[in-house]
>>> print(open('my_file_8.txt').read())   # compact mmCIF, C-alpha atoms
# COMPACT_ATOMS: atom_id res chain seq x y z
CA MET A 1 28.68 -2.82 -0.14
CA THR A 2 25.51 -4.72 -0.95
CA GLY A 3 25.19 -6.50 2.37
CA LEU A 4 24.68 -9.75 0.41
CA THR A 5 26.96 -12.76 0.29
CA ASP A 6 28.67 -13.86 -2.90
CA ASP A 7 26.29 -16.80 -3.16
CA GLU A 8 23.24 -14.55 -2.77
CA LEU A 9 24.58 -12.14 -5.40
CA GLN A 10 25.25 -14.96 -7.84
CA LYS A 11 21.71 -16.30 -7.39
CA LEU A 12 20.32 -12.79 -7.81
CA TYR A 13 22.20 -12.17 -11.08
CA THR A 14 21.18 -15.59 -12.39
CA TRP A 15 17.54 -14.80 -11.60
CA ILE A 16 17.70 -11.48 -13.47
CA ASP A 17 19.45 -13.11 -16.46
CA GLU A 18 16.53 -15.54 -16.80
CA ILE A 19 14.00 -12.69 -17.24
CA PRO A 20 13.53 -11.37 -20.81
CA LEU A 21 14.09 -7.62 -20.66
CA SER A 22 13.85 -4.97 -23.36
CA ARG A 23 17.48 -3.84 -23.05
CA PRO A 24 20.80 -5.66 -23.21
CA LYS A 25 22.26 -6.24 -19.76
CA ARG A 26 25.54 -4.40 -19.33
CA ASN A 27 25.77 -2.68 -15.94
CA ILE A 28 23.00 -3.61 -13.52
CA GLY A 29 23.26 -0.36 -11.55
CA ARG A 30 22.84 1.89 -14.60
CA ASP A 31 20.50 -0.46 -16.45
CA PHE A 32 17.91 -0.43 -13.65
CA ALA A 33 18.38 3.20 -12.56
CA ASP A 34 15.36 4.60 -14.45
CA CYS A 35 13.01 1.88 -13.08
CA VAL A 36 11.90 0.65 -16.51
CA LEU A 37 13.55 -2.76 -16.18
CA VAL A 38 12.24 -3.07 -12.63
CA ALA A 39 8.70 -2.59 -13.95
CA GLU A 40 9.38 -5.17 -16.65
CA THR A 41 10.70 -7.61 -14.03
CA ILE A 42 7.54 -7.35 -11.94
CA SER A 43 5.35 -7.45 -15.05
CA HIS A 44 7.03 -10.69 -16.11
CA TYR A 45 5.51 -12.39 -13.04
CA PHE A 46 2.44 -10.23 -12.36
CA PRO A 47 1.41 -8.45 -15.59
CA LYS A 48 -1.96 -7.41 -14.17
CA ILE A 49 -0.52 -5.10 -11.51
CA VAL A 50 1.96 -3.25 -13.77
CA GLN A 51 1.15 -0.89 -16.63
CA LEU A 52 4.40 -0.63 -18.55
CA HIS A 53 3.28 2.43 -20.51
CA ASN A 54 3.63 4.43 -17.28
CA TYR A 55 7.41 4.01 -17.37
CA SER A 56 9.51 5.64 -20.06
CA ALA A 57 13.27 5.34 -20.53
CA ALA A 58 15.00 8.30 -18.98
CA ASN A 59 18.41 9.90 -18.56
CA SER A 60 17.20 12.90 -16.57
CA THR A 61 16.91 12.64 -12.80
CA PRO A 62 13.36 14.13 -12.61
CA GLN A 63 11.97 11.50 -14.99
CA LYS A 64 13.74 8.73 -13.11
CA ILE A 65 12.26 9.98 -9.83
CA TYR A 66 8.83 10.13 -11.46
CA ASN A 67 9.15 6.53 -12.64
CA TRP A 68 10.20 5.30 -9.20
CA ASN A 69 7.48 7.25 -7.40
CA THR A 70 4.93 5.76 -9.79
CA LEU A 71 6.21 2.24 -9.12
CA ASN A 72 6.34 2.90 -5.39
CA GLY A 73 2.75 4.12 -5.20
CA LYS A 74 1.04 1.92 -7.78
CA VAL A 75 2.91 -1.39 -7.74
CA LEU A 76 5.07 -1.88 -4.68
CA ARG A 77 2.16 -0.81 -2.47
CA LYS A 78 0.16 -3.71 -3.90
CA LEU A 79 2.98 -6.01 -2.85
CA GLY A 80 2.68 -4.68 0.70
CA TRP A 81 5.97 -2.81 0.52
CA GLN A 82 7.35 0.60 -0.34
CA ILE A 83 10.91 1.91 -0.41
CA SER A 84 12.16 5.15 1.06
CA LYS A 85 13.16 8.32 -0.74
CA GLU A 86 16.79 7.70 0.27
CA ASP A 87 16.74 4.25 -1.34
CA ILE A 88 15.30 5.69 -4.54
CA GLU A 89 18.01 8.36 -4.67
CA GLN A 90 20.76 5.78 -4.19
CA ILE A 91 19.36 3.60 -6.99
CA ILE A 92 18.99 6.56 -9.36
CA MET A 93 22.58 7.58 -8.68
CA ALA A 94 23.67 3.95 -9.32
CA LYS A 95 25.30 3.66 -5.92
CA PRO A 96 27.17 0.32 -5.69
CA GLY A 97 24.96 -2.34 -4.16
CA ALA A 98 21.79 -0.22 -4.05
CA ILE A 99 19.91 -1.98 -6.85
CA GLU A 100 21.08 -5.41 -5.66
CA ARG A 101 19.60 -4.81 -2.21
CA PHE A 102 16.34 -3.65 -3.75
CA LEU A 103 16.06 -6.59 -6.16
CA TYR A 104 16.89 -9.05 -3.38
CA GLN A 105 14.00 -7.69 -1.29
CA LEU A 106 11.74 -7.50 -4.34
CA GLN A 107 12.29 -11.19 -5.07
CA PHE A 108 11.07 -12.16 -1.59
CA LYS A 109 8.13 -9.73 -1.67
CA MET A 110 6.93 -11.16 -4.99
CA ALA A 111 7.31 -14.72 -3.67
CA LYS A 112 5.22 -13.81 -0.62
CA TYR A 113 2.63 -12.10 -2.80
CA ARG A 114 2.36 -15.21 -4.97
CA ALA A 115 2.14 -17.48 -1.90
CA ASN A 116 -0.80 -15.42 -0.61
CA GLY A 117 -2.64 -15.84 -3.89
CA GLY A 118 -1.98 -12.30 -5.05
CA VAL A 119 -3.41 -10.76 -1.87
CA VAL A 120 -1.44 -8.68 0.59
CA LYS A 121 -2.24 -9.67 4.16
CA ALA A 122 -1.52 -6.35 5.81
CA PRO A 123 -1.73 -6.04 9.61
CA VAL A 124 -4.54 -3.92 11.01
CA PRO A 125 -3.09 -0.60 12.16
CA VAL A 126 -3.70 0.12 15.85
CA LYS A 127 -2.83 3.45 17.38
CA LYS A 128 -1.14 3.49 20.77
CA ARG A 129 -3.76 5.65 22.40
CA TYR A 130 -6.30 2.84 22.15
CA GLY A 131 -4.08 0.39 24.04
CA GLN A 132 -4.84 1.92 27.41
CA GLN A 133 -8.57 1.93 26.70
CA TYR A 134 -8.46 -1.72 25.74
CA ARG A 135 -6.65 -2.67 28.96
CA GLN A 136 -9.11 -0.70 31.04
CA GLN A 137 -12.04 -2.43 29.36
CA GLN A 138 -10.48 -5.83 29.95
CA GLN A 139 -9.99 -5.00 33.62
CA GLN A 140 -13.61 -3.84 33.93
CA ALA A 141 -14.82 -6.99 32.23
CA VAL A 142 -13.15 -9.25 34.83
CA ALA A 143 -13.63 -6.96 37.83
CA PRO A 144 -16.42 -7.85 40.32
CA PRO A 145 -19.52 -5.65 40.40
CA ASN A 146 -19.38 -2.54 42.54
CA PRO A 147 -20.72 -2.99 46.11
CA PRO A 148 -24.25 -1.74 46.79
CA PRO A 149 -24.50 1.95 47.68
CA SER A 150 -24.89 3.03 51.29
CA ASN A 151 -28.48 4.25 50.83
CA ASN A 152 -29.69 0.66 50.84
CA GLN A 153 -30.85 0.74 47.24
CA TYR A 154 -30.44 -3.02 47.19
CA PRO A 155 -31.35 -5.42 50.01
CA PRO A 156 -28.42 -6.46 52.24
CA GLU A 157 -26.52 -9.52 51.09
CA THR A 158 -27.15 -12.64 53.10
CA PRO A 159 -25.26 -15.92 53.02
CA LEU A 160 -27.55 -18.44 51.33
CA SER A 161 -31.27 -17.77 51.69
CA HIS A 162 -33.53 -20.76 51.97
CA GLY A 163 -37.07 -20.94 50.76
CA ARG A 164 -38.94 -19.19 48.00
CA ALA A 165 -38.70 -15.74 49.54
CA GLY A 166 -34.91 -16.00 49.85
CA ASP A 167 -34.58 -17.33 46.30
CA ALA A 168 -36.69 -14.50 44.95
CA MET A 169 -34.58 -11.95 46.80
CA ASP A 170 -31.33 -13.45 45.52
CA ASN A 171 -32.66 -13.54 41.97
CA GLN A 172 -33.75 -9.93 42.23
CA MET A 173 -30.32 -8.81 43.44
CA VAL A 174 -28.51 -10.73 40.71
CA GLY A 175 -30.84 -9.42 38.03
CA ARG A 176 -30.34 -5.81 39.06
CA ARG A 177 -26.58 -6.16 39.13
CA HIS A 178 -26.49 -7.75 35.67
CA GLN A 179 -28.57 -4.87 34.37
CA GLN A 180 -26.22 -2.30 35.86
CA VAL A 181 -22.91 -3.77 34.67
CA PRO A 182 -23.75 -3.99 30.94
CA GLN A 183 -24.92 -0.40 30.98
CA GLN A 184 -21.62 0.73 32.41
CA GLN A 185 -19.61 -1.35 29.98
CA GLY A 186 -21.83 -0.40 27.06
CA GLY A 187 -20.89 3.25 27.41
CA ASN A 188 -17.19 2.47 27.12
CA ASN A 189 -17.77 0.12 24.19
CA GLY A 190 -19.80 2.80 22.48
CA TYR A 191 -16.98 5.29 22.90
CA ASP A 192 -14.49 2.77 21.61
CA ARG A 193 -16.65 2.01 18.58
CA ASP A 194 -16.96 5.71 17.80
CA ALA A 195 -13.20 6.17 18.03
CA LEU A 196 -12.50 3.15 15.86
CA GLN A 197 -15.14 4.27 13.36
CA ARG A 198 -13.43 7.65 13.08
CA GLU A 199 -10.11 5.90 12.47
CA VAL A 200 -11.64 3.71 9.78
CA ASP A 201 -13.24 6.75 8.14
CA GLU A 202 -9.86 8.50 8.07
CA GLU A 203 -8.21 5.50 6.45
CA ILE A 204 -10.97 5.24 3.84
CA LEU A 205 -10.59 8.95 3.09
CA LEU A 206 -6.83 8.58 2.67
CA GLU A 207 -7.32 5.63 0.32
CA LYS A 208 -9.81 7.61 -1.76
CA GLU A 209 -7.44 10.58 -1.95
CA GLN A 210 -4.63 8.29 -3.05
CA THR A 211 -6.87 6.73 -5.69
CA ILE A 212 -7.81 10.20 -6.97
CA GLN A 213 -4.12 11.14 -7.15
CA GLU A 214 -3.35 7.97 -9.10
CA LEU A 215 -6.17 8.73 -11.54
CA ARG A 216 -4.87 12.26 -11.99
CA GLU A 217 -1.42 10.92 -12.76
CA THR A 218 -2.92 8.51 -15.29
CA VAL A 219 -4.82 11.36 -16.96
CA GLU A 220 -1.64 13.44 -17.15
CA ILE A 221 0.23 10.56 -18.76
CA LEU A 222 -2.56 10.01 -21.28
CA GLU A 223 -2.72 13.71 -22.09
CA LEU A 224 1.04 13.72 -22.70
CA LYS A 225 0.71 10.73 -25.03
CA ILE A 226 -2.16 12.41 -26.88
CA SER A 227 -0.03 15.53 -27.32
CA LYS A 228 2.81 13.45 -28.76
CA LEU A 229 0.43 11.65 -31.11
CA GLU A 230 -0.98 14.96 -32.29
CA GLN A 231 2.53 16.16 -33.05
CA LEU A 232 3.19 13.01 -35.07
CA VAL A 233 -0.05 13.51 -37.00
CA ARG A 234 0.90 17.10 -37.81
CA LEU A 235 4.34 15.98 -39.02
CA LYS A 236 2.78 13.32 -41.22
CA ASP A 237 0.26 15.81 -42.62
CA SER A 238 3.13 18.17 -43.41
CA LYS A 239 5.06 15.42 -45.20
CA ILE A 240 1.95 14.38 -47.14
CA SER A 241 1.37 17.99 -48.23
CA LYS A 242 4.96 18.28 -49.44
CA LEU A 243 4.71 15.01 -51.35
CA GLN A 244 1.44 16.09 -52.97
CA LEU A 245 3.04 19.39 -53.97
CA GLN A 246 6.00 17.61 -55.50
CA ILE A 247 3.71 15.23 -57.40
CA GLY A 248 1.69 18.16 -58.72
CA GLN A 249 4.83 19.94 -59.91
CA GLN A 250 6.08 16.82 -61.68
CA GLN A 251 2.73 16.34 -63.45
CA GLU A 252 2.80 19.95 -64.69
CA GLU A 253 6.25 19.44 -66.13
>>> encode(input="my_file_8.txt", output="C-alpha cells")
Amino acid sequence: MTGLTDDELQKLYTWIDEIPLSRPKRNIGRDFADCVLVAETISHYFPKIVQLHNYSAANSTPQKIYNWNTLNGKVLRKLGWQISKEDIEQIIMAKPGAIERFLYQLQFKMAKYRANGGVVKAPVPVKKRYGQQYRQQQQQAVAPPNPPPSNNQYPPETPLSHGRAGDAMDNQMVGRRHQQVPQQQGGNNGYDRDALQREVDEEILLEKEQTIQELRETVEILELKISKLEQLVRLKDSKISKLQLQIGQQQEE
C-alpha cells in the first residue's frame, strides 16, 4: 500500500511522465530502484545540485545502495531532507508503493526548496540540557536583587529619603546593587556562551568531516573513471597495432 489516494497517485504519475528521462517508463518500482532516474528527476529542476555522473545504472544491490547513499548525502541533504536506511532498502527491492511514497515527498520538498529561493531554512538544533539553564537564567533576570547581607555592608533601607543626603544614599545603594547583579548574571551567560560555542564547534567539525568524506567519494569515482578510460585506451592501442600489422602484411604481399 502506498498510503496515497487514487487522485494523488494519478497526479504523481502524470508529473513523472512530464519529465524527460533517459529510460523508457515501464514499471516505476523497478525503473527507479537504482536511483538513476531519481537523480535525473531532481536534476531536471535543480541541475546545479546534482552531478549525474555520480550515478550509474545498476542491477547489483551494492551499487544501488551506493547510488542511494550518494543521493541521500549529497542531494537530499541540500533539500533539508534525508530518507532512512529502511526506506532505501524497500525502494531497492521494488516494494509496492515504496517509490511512490518517496516521490510524493520529494515533490513537496523540491517545491519548498524552490519557494525558499534554493535555500534550506533548517531549524537551529537545541539540546535538551540547555533548556533548564535557559529557564534558570530567565528566572534570575526577573527575580529581585538579593537582600543586603547581615553584616551591614549596605546602609539600611529607608522609605523615601528627603534632601540631598538621602538622595545620595539612595543612589549609592541602587548603584551598588546594579553592579552586583550584572556580575552574577554575567558568569552564567559566560558559561552558556562557552557551552554553545562548544556545540557550534562540534557541528562545524561534523560538517567538515562530511565534506571531506564527500570529496573522498568524488576522488574514488574519478579514479574509477580514469581506470576505465585507461582500459579503453589500451584496447584502442591494441586494435590500432593489429590494423597496422595487417596493413603491413598486405603491402608486403
>>> closest_residue(input="my_file_8.txt", among="A:Lys95, A:Val75, A:Gln90, A:Ser22", to="Pro47 of chain A", atoms="all atoms listed in the file")
A:Val75
>>> closest_residue(input="my_file_8.txt", among="A:Val36, A:Ile49, A:Ile226, A:Ile83", to="Ala98 of chain A", atoms="only C-alpha atoms")
A:Ile83
>>> atom_distance(input="my_file_8.txt", atom1="atom CA of Arg101 of chain A", atom2="atom CA of Tyr13 of chain A")
11.8 Å
>>> atom_distance(input="my_file_8.txt", atom1="atom CA of Asn72 of chain A", atom2="atom CA of Asp6 of chain A")
28.0 Å
>>> atom_distance(input="my_file_8.txt", atom1="atom CA of Ile92 of chain A", atom2="atom CA of Leu12 of chain A")
19.5 Å
>>> residues_around(input="my_file_8.txt", residues="Leu37 of chain A", least_positions_apart="5", cutoff="12 Å", atoms="only C-alpha atoms", output="list in words")
Ile16, Asp17, Ile19, Pro20, Leu21, Ser22, Arg23, Pro24, Lys25, Ile28, Gly29, Arg30, Asp31, Phe32, Ile42, Ser43, His44, Val50, Leu52, Tyr55, Ser56, Ala57, Ala58, Lys64, Asn67, Trp68, Leu71, Ile99 and Leu103 of chain A
>>> residues_around(input="my_file_8.txt", residues="segment 221-224 of chain A", least_positions_apart="4", cutoff="12 Å", atoms="only C-alpha atoms", output="JSON, numbers by chain")
{"A": [51, 52, 53, 54, 55, 56, 66, 67, 70, 214, 215, 216, 217, 228, 229, 230, 231]}
>>> residues_around(input="my_file_8.txt", residues="Gly3 of chain A", least_positions_apart="2", cutoff="12 Å", atoms="only C-alpha atoms", output="PDB file with C-alpha atoms, in the coordinates of the input")
ATOM      1  CA  MET A   1      28.680  -2.820  -0.140  1.00  0.00           C
ATOM      2  CA  THR A   5      26.960 -12.760   0.290  1.00  0.00           C
ATOM      3  CA  ASP A   6      28.670 -13.860  -2.900  1.00  0.00           C
ATOM      4  CA  ASP A   7      26.290 -16.800  -3.160  1.00  0.00           C
ATOM      5  CA  GLU A   8      23.240 -14.550  -2.770  1.00  0.00           C
ATOM      6  CA  LEU A   9      24.580 -12.140  -5.400  1.00  0.00           C
ATOM      7  CA  PRO A  96      27.170   0.320  -5.690  1.00  0.00           C
ATOM      8  CA  GLY A  97      24.960  -2.340  -4.160  1.00  0.00           C
ATOM      9  CA  ALA A  98      21.790  -0.220  -4.050  1.00  0.00           C
ATOM     10  CA  ILE A  99      19.910  -1.980  -6.850  1.00  0.00           C
ATOM     11  CA  GLU A 100      21.080  -5.410  -5.660  1.00  0.00           C
ATOM     12  CA  ARG A 101      19.600  -4.810  -2.210  1.00  0.00           C
ATOM     13  CA  PHE A 102      16.340  -3.650  -3.750  1.00  0.00           C
ATOM     14  CA  TYR A 104      16.890  -9.050  -3.380  1.00  0.00           C
ATOM     15  CA  GLN A 105      14.000  -7.690  -1.290  1.00  0.00           C
TER      16      GLN A 105
END
>>> residues_around(input="my_file_8.txt", residues="Lys109 of chain A", least_positions_apart="3", cutoff="8 Å", atoms="all atoms listed in the file", output="list in words")
Leu79, Gly80, Trp81, Gln105, Leu106, Lys112 and Tyr113 of chain A
>>> axis_aligned_box(input="my_file_8.txt", around="segment 91-100 of chain A", padding_each_side="8 Å", output="lines of an AutoDock Vina configuration file")
center_x = 23.1
center_y = 1.1
center_z = -6.7
size_x = 24.2
size_y = 29.0
size_z = 21.3
